[in-house]
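Visitor: Take this structure, written in structure tokens, and hold onto it; I'll ask about it next.
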Amino acid sequence: MTDYIVKEKGIEAGRSYIIEHLQDQPSVRGFAKLIELEKEFFMSDPHFKQLQSLITRYIELKPLYECNSCGFTTNHFSWRCPACNNWQTIKPLAGLDGI
Ligand SMILES: [Zn+2]
């Protein structure tokens with residue numbers, strides 16, 4: 001959504017959207033998006049690339065979906081859980097590590 005707003009309305013509108021979204025639903029992925037939008041201000045900082053790399057690695061380790069029935073986690077949505085075979089139990093993770 002942020003990418004769409006940046007494309008249609010500019011970086012300032014995208015920045016406002018993500019800050020508002022983070023206040024309602026704080027998440028590491030949202031924070032990473034904000035840092036990406038702010039990169040023009042941080043690029044001169046020698047630690048910017050390192051910070052961005054650390055956040056990206058953290059996000060890559062966190063799954064996007066979880067089965068409400070058995071707790072199986074995955075980065076790919078599926079209507080049927082491959083672990084317990086229940087239907088419609090795979091849901092997006094919420095909270096700081098969520099989408
Ligand atoms: Zn399951």
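Here, A, B, ... name the chains of the structure tokens in the order displayed, residue numbers run from 1 inside each chain, and ligands are numbered from 1 in the same displayed order.
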If we count only C-alpha atoms, what is near A:Thr73 at a cut-off of 12 Å, once residues fewer than 6 positions away on the same chain are taken out, given as a PyMOL selection string?

Guide: chain A and resi 61-67+81-84+89-93+98

Visitor: Once you have the residues from the selection above, write them out as a CSV table (one decimal), in the first residue's frame, restricted to all heavy atoms.

Guide:
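Okay, this is what ended up in result27.csv:
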chain,number,residue,atom,x,y,z
A,61,LEU,N,14.0,-13.9,8.5
A,61,LEU,CA,13.9,-15.0,9.5
A,61,LEU,C,12.5,-15.2,10.0
A,61,LEU,O,12.2,-16.3,10.6
A,61,LEU,CB,14.9,-14.8,10.6
A,61,LEU,CG,16.3,-14.8,10.3
A,61,LEU,CD1,17.2,-14.4,11.5
A,61,LEU,CD2,16.7,-16.3,9.9
A,62,LYS,N,11.6,-14.2,9.9
A,62,LYS,CA,10.3,-14.3,10.5
A,62,LYS,C,9.3,-14.7,9.5
A,62,LYS,O,9.2,-14.2,8.4
A,62,LYS,CB,9.9,-12.9,11.0
A,62,LYS,CG,10.8,-12.4,12.1
A,62,LYS,CD,10.7,-13.3,13.3
A,62,LYS,CE,11.6,-12.9,14.4
A,62,LYS,NZ,11.5,-13.7,15.6
A,63,PRO,N,8.5,-15.7,9.8
A,63,PRO,CA,7.4,-16.2,8.9
A,63,PRO,C,6.3,-15.2,8.7
A,63,PRO,O,6.1,-14.4,9.6
A,63,PRO,CB,7.0,-17.5,9.5
A,63,PRO,CG,7.2,-17.4,10.9
A,63,PRO,CD,8.5,-16.5,11.0
A,64,LEU,N,5.6,-15.3,7.6
A,64,LEU,CA,4.4,-14.4,7.4
A,64,LEU,C,3.1,-14.9,7.8
A,64,LEU,O,2.2,-14.2,8.2
A,64,LEU,CB,4.4,-14.0,5.9
A,64,LEU,CG,5.5,-13.2,5.3
A,64,LEU,CD1,5.4,-13.1,3.8
A,64,LEU,CD2,5.5,-11.8,5.9
A,65,TYR,N,3.0,-16.3,7.8
A,65,TYR,CA,1.7,-16.9,8.1
A,65,TYR,C,1.9,-18.0,9.2
A,65,TYR,O,3.0,-18.6,9.3
A,65,TYR,CB,1.2,-17.6,6.9
A,65,TYR,CG,1.0,-16.6,5.7
A,65,TYR,CD1,1.9,-16.4,4.8
A,65,TYR,CD2,-0.2,-15.8,5.7
A,65,TYR,CE1,1.8,-15.5,3.7
A,65,TYR,CE2,-0.4,-14.9,4.7
A,65,TYR,CZ,0.6,-14.7,3.7
A,65,TYR,OH,0.4,-13.8,2.7
A,66,GLU,N,0.8,-18.3,9.9
A,66,GLU,CA,0.8,-19.3,10.9
A,66,GLU,C,-0.5,-20.1,10.9
A,66,GLU,O,-1.6,-19.5,10.7
A,66,GLU,CB,1.0,-18.7,12.3
A,66,GLU,CG,1.1,-19.7,13.4
A,66,GLU,CD,1.4,-19.1,14.8
A,66,GLU,OE1,0.8,-18.0,15.0
A,66,GLU,OE2,2.1,-19.6,15.5
A,67,CYS,N,-0.4,-21.4,11.1
A,67,CYS,CA,-1.6,-22.2,11.2
A,67,CYS,C,-2.2,-22.0,12.6
A,67,CYS,O,-1.5,-22.3,13.6
A,67,CYS,CB,-1.3,-23.6,10.9
A,67,CYS,SG,-2.7,-24.7,11.2
A,81,CYS,N,-3.3,-26.3,5.5
A,81,CYS,CA,-2.1,-26.4,6.2
A,81,CYS,C,-1.3,-27.7,5.8
A,81,CYS,O,-1.9,-28.8,5.9
A,81,CYS,CB,-2.3,-26.4,7.7
A,81,CYS,SG,-0.8,-26.7,8.7
A,82,PRO,N,-0.1,-27.6,5.3
A,82,PRO,CA,0.7,-28.8,4.9
A,82,PRO,C,1.1,-29.7,6.1
A,82,PRO,O,1.4,-30.9,5.9
A,82,PRO,CB,1.9,-28.3,4.2
A,82,PRO,CG,2.0,-26.9,4.7
A,82,PRO,CD,0.7,-26.4,5.1
A,83,ALA,N,1.0,-29.2,7.3
A,83,ALA,CA,1.4,-30.0,8.5
A,83,ALA,C,0.2,-30.7,9.1
A,83,ALA,O,0.3,-31.9,9.4
A,83,ALA,CB,2.0,-29.0,9.6
A,84,CYS,N,-0.9,-30.1,9.3
A,84,CYS,CA,-2.1,-30.8,10.0
A,84,CYS,C,-3.2,-31.1,9.0
A,84,CYS,O,-4.2,-31.7,9.4
A,84,CYS,CB,-2.6,-30.0,11.2
A,84,CYS,SG,-3.4,-28.4,10.7
A,89,THR,N,-6.9,-22.6,8.0
A,89,THR,CA,-6.3,-22.4,9.3
A,89,THR,C,-5.1,-21.5,9.2
A,89,THR,O,-4.5,-21.1,10.2
A,89,THR,CB,-6.1,-23.7,10.1
A,89,THR,OG1,-5.2,-24.5,9.3
A,89,THR,CG2,-7.4,-24.4,10.4
A,90,ILE,N,-4.5,-21.3,8.0
A,90,ILE,CA,-3.3,-20.5,7.8
A,90,ILE,C,-3.7,-19.1,7.7
A,90,ILE,O,-4.5,-18.6,6.9
A,90,ILE,CB,-2.6,-20.9,6.5
A,90,ILE,CG1,-2.3,-22.4,6.4
A,90,ILE,CG2,-1.4,-20.0,6.2
A,90,ILE,CD1,-1.0,-22.8,7.1
A,91,LYS,N,-3.2,-18.3,8.7
A,91,LYS,CA,-3.6,-16.8,8.8
A,91,LYS,C,-2.3,-16.0,8.8
A,91,LYS,O,-1.3,-16.4,9.3
A,91,LYS,CB,-4.4,-16.6,10.1
A,91,LYS,CG,-5.6,-17.4,10.2
A,91,LYS,CD,-6.7,-17.0,9.3
A,91,LYS,CE,-7.9,-17.9,9.4
A,91,LYS,NZ,-8.9,-17.9,8.4
A,92,PRO,N,-2.4,-14.7,8.4
A,92,PRO,CA,-1.3,-13.8,8.5
A,92,PRO,C,-0.9,-13.6,9.9
A,92,PRO,O,-1.8,-13.4,10.8
A,92,PRO,CB,-1.7,-12.5,7.8
A,92,PRO,CG,-3.0,-12.9,7.1
A,92,PRO,CD,-3.5,-14.1,7.7
A,93,LEU,N,0.4,-13.5,10.2
A,93,LEU,CA,0.8,-13.2,11.6
A,93,LEU,C,0.6,-11.8,11.9
A,93,LEU,O,0.8,-10.9,11.0
A,93,LEU,CB,2.3,-13.5,11.8
A,93,LEU,CG,2.6,-15.0,12.1
A,93,LEU,CD1,4.1,-15.2,12.0
A,93,LEU,CD2,2.1,-15.4,13.5
A,98,GLY,N,4.5,-9.3,12.4
A,98,GLY,CA,3.5,-9.6,11.4
A,98,GLY,C,3.6,-8.7,10.1
A,98,GLY,O,4.5,-7.9,10.0

Visitor: Near A:Glu20, within 12 Å and counting only C-alpha atoms, which residues show up once chain neighbours fewer than 5 positions away are dropped, as a list in words?

Guide: Thr2, Ala13, Gly14, Arg15, Gln25, Pro26, Gly30, Phe31 and Leu34 of chain A

Visitor: If you measure from atom CA of A:Arg57 to atom CA of A:Ala32, what distance in Å do you get, rounded to one decimal?

Guide: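 If I compute the distance from atom CA of A:Arg57 to atom CA of A:Ala32, I get 10.9 Å.
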
Visitor: Mind the document's chain letters and residue numbers, and return as a short mmCIF file (atom, residue, chain, number, x, y, z; two decimals) with all heavy atoms, in the first residue's frame the residues of stretch 10-87 of chain A that DSSP labels strand (DSSP E or B).

Guide:
data_model
loop_
_atom_site.label_atom_id
_atom_site.label_comp_id
_atom_site.auth_asym_id
_atom_site.auth_seq_id
_atom_site.Cartn_x
_atom_site.Cartn_y
_atom_site.Cartn_z
N TYR A 65 3.01 -16.27 7.84
CA TYR A 65 1.73 -16.92 8.13
C TYR A 65 1.91 -18.01 9.18
O TYR A 65 2.98 -18.59 9.31
CB TYR A 65 1.16 -17.55 6.85
CG TYR A 65 0.96 -16.57 5.74
CD1 TYR A 65 1.93 -16.40 4.75
CD2 TYR A 65 -0.19 -15.79 5.68
CE1 TYR A 65 1.75 -15.48 3.73
CE2 TYR A 65 -0.37 -14.87 4.66
CZ TYR A 65 0.60 -14.72 3.70
OH TYR A 65 0.43 -13.81 2.69
N GLU A 66 0.81 -18.26 9.90
CA GLU A 66 0.83 -19.30 10.92
C GLU A 66 -0.49 -20.06 10.89
O GLU A 66 -1.55 -19.46 10.70
CB GLU A 66 1.04 -18.68 12.30
CG GLU A 66 1.14 -19.71 13.42
CD GLU A 66 1.39 -19.06 14.77
OE1 GLU A 66 0.84 -17.97 15.02
OE2 GLU A 66 2.15 -19.63 15.55
N CYS A 67 -0.42 -21.36 11.12
CA CYS A 67 -1.63 -22.19 11.21
C CYS A 67 -2.22 -22.02 12.61
O CYS A 67 -1.53 -22.25 13.61
CB CYS A 67 -1.29 -23.65 10.94
SG CYS A 67 -2.70 -24.74 11.22
N THR A 73 4.38 -22.62 10.74
CA THR A 73 4.62 -21.29 10.16
C THR A 73 5.23 -21.42 8.77
O THR A 73 5.95 -22.39 8.48
CB THR A 73 5.57 -20.45 11.05
OG1 THR A 73 6.80 -21.16 11.24
CG2 THR A 73 4.95 -20.13 12.38
N THR A 74 4.93 -20.44 7.93
CA THR A 74 5.40 -20.46 6.55
C THR A 74 5.43 -19.04 5.99
O THR A 74 4.80 -18.13 6.55
CB THR A 74 4.47 -21.35 5.68
OG1 THR A 74 4.93 -21.31 4.34
CG2 THR A 74 3.02 -20.88 5.73
N ARG A 80 -4.76 -24.81 2.66
CA ARG A 80 -4.70 -26.01 3.48
C ARG A 80 -3.33 -26.09 4.16
O ARG A 80 -2.30 -25.95 3.50
CB ARG A 80 -4.91 -27.25 2.59
CG ARG A 80 -5.01 -28.53 3.36
CD ARG A 80 -5.32 -29.68 2.45
NE ARG A 80 -5.73 -30.84 3.20
CZ ARG A 80 -6.10 -31.99 2.66
NH1 ARG A 80 -6.17 -32.10 1.35
NH2 ARG A 80 -6.45 -32.98 3.41
N TRP A 87 -8.18 -27.15 6.68
CA TRP A 87 -8.45 -26.12 5.69
C TRP A 87 -8.70 -24.77 6.37
O TRP A 87 -9.30 -24.71 7.44
CB TRP A 87 -9.69 -26.48 4.86
CG TRP A 87 -9.42 -27.62 3.91
CD1 TRP A 87 -9.65 -28.94 4.14
CD2 TRP A 87 -8.87 -27.53 2.61
NE1 TRP A 87 -9.27 -29.69 3.06
CE2 TRP A 87 -8.80 -28.84 2.09
CE3 TRP A 87 -8.43 -26.47 1.81
CZ2 TRP A 87 -8.31 -29.12 0.83
CZ3 TRP A 87 -7.94 -26.76 0.54
CH2 TRP A 87 -7.88 -28.07 0.07
#

Visitor: Can you work out which one of A:Ile35, A:Met43, A:Leu51, A:Cys70 has the shortest atom-to-atom distance to ligand 1, counting only C-alpha atoms and all ligand atoms?

Guide: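 Among the listed residues, A:Cys70 lies closest to ligand 1.
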
Visitor: Could you pull out the helix (DSSP H, G or I) residues of chain A from DSSP and send them as a ChimeraX atom specification?

Guide: /A:2-9,11-24,28-37,39-42,48-61

Visitor: May I ask for the distance between atom CA of A:Ile18 and atom CA of A:Lys33, given in Å to one decimal place?

Guide: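 Calculated distance between atom CA of A:Ile18 and atom CA of A:Lys33 is 7.7 Å.
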
Visitor: Taking into account only C-alpha atoms and all ligand atoms, which residue in the set A:Phe41, A:Ser78, A:Glu12, A:Ile5 is nearest to ligand 1?

Guide: A:Ser78

Visitor: Would you mind telling me which residue in A:Asn68, A:Leu96, A:Gln50, A:Phe77 lies nearest to ligand 1 when using only C-alpha atoms and all ligand atoms?

Guide: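 Among A:Asn68, A:Leu96, A:Gln50, A:Phe77, it is A:Asn68 that comes nearest to ligand 1.
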
Visitor: When distances are computed from only C-alpha atoms and all ligand atoms, which of A:Gln88, A:Ser69, A:Ala94, A:Tyr4 shows the smallest separation from ligand 1?

Guide: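 Nearest to ligand 1: A:Ser69.
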
Visitor: Which is closer to ligand 1 than all the others in A:Tyr58, A:Phe48, A:Phe72, A:Phe42, using only C-alpha atoms and all ligand atoms?

Guide: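 Using only C-alpha atoms and all ligand atoms, the shortest distance to ligand 1 belongs to A:Phe72.
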
Visitor: For each of A:Asp97, A:Gly10, A:His76, A:Gly71, take the minimum atom-to-atom distance to ligand 1, counting only C-alpha atoms and all ligand atoms, then give the residue where this is smallest.

Guide: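 Ranking A:Asp97, A:Gly10, A:His76, A:Gly71 by distance to ligand 1, first place goes to A:Gly71.
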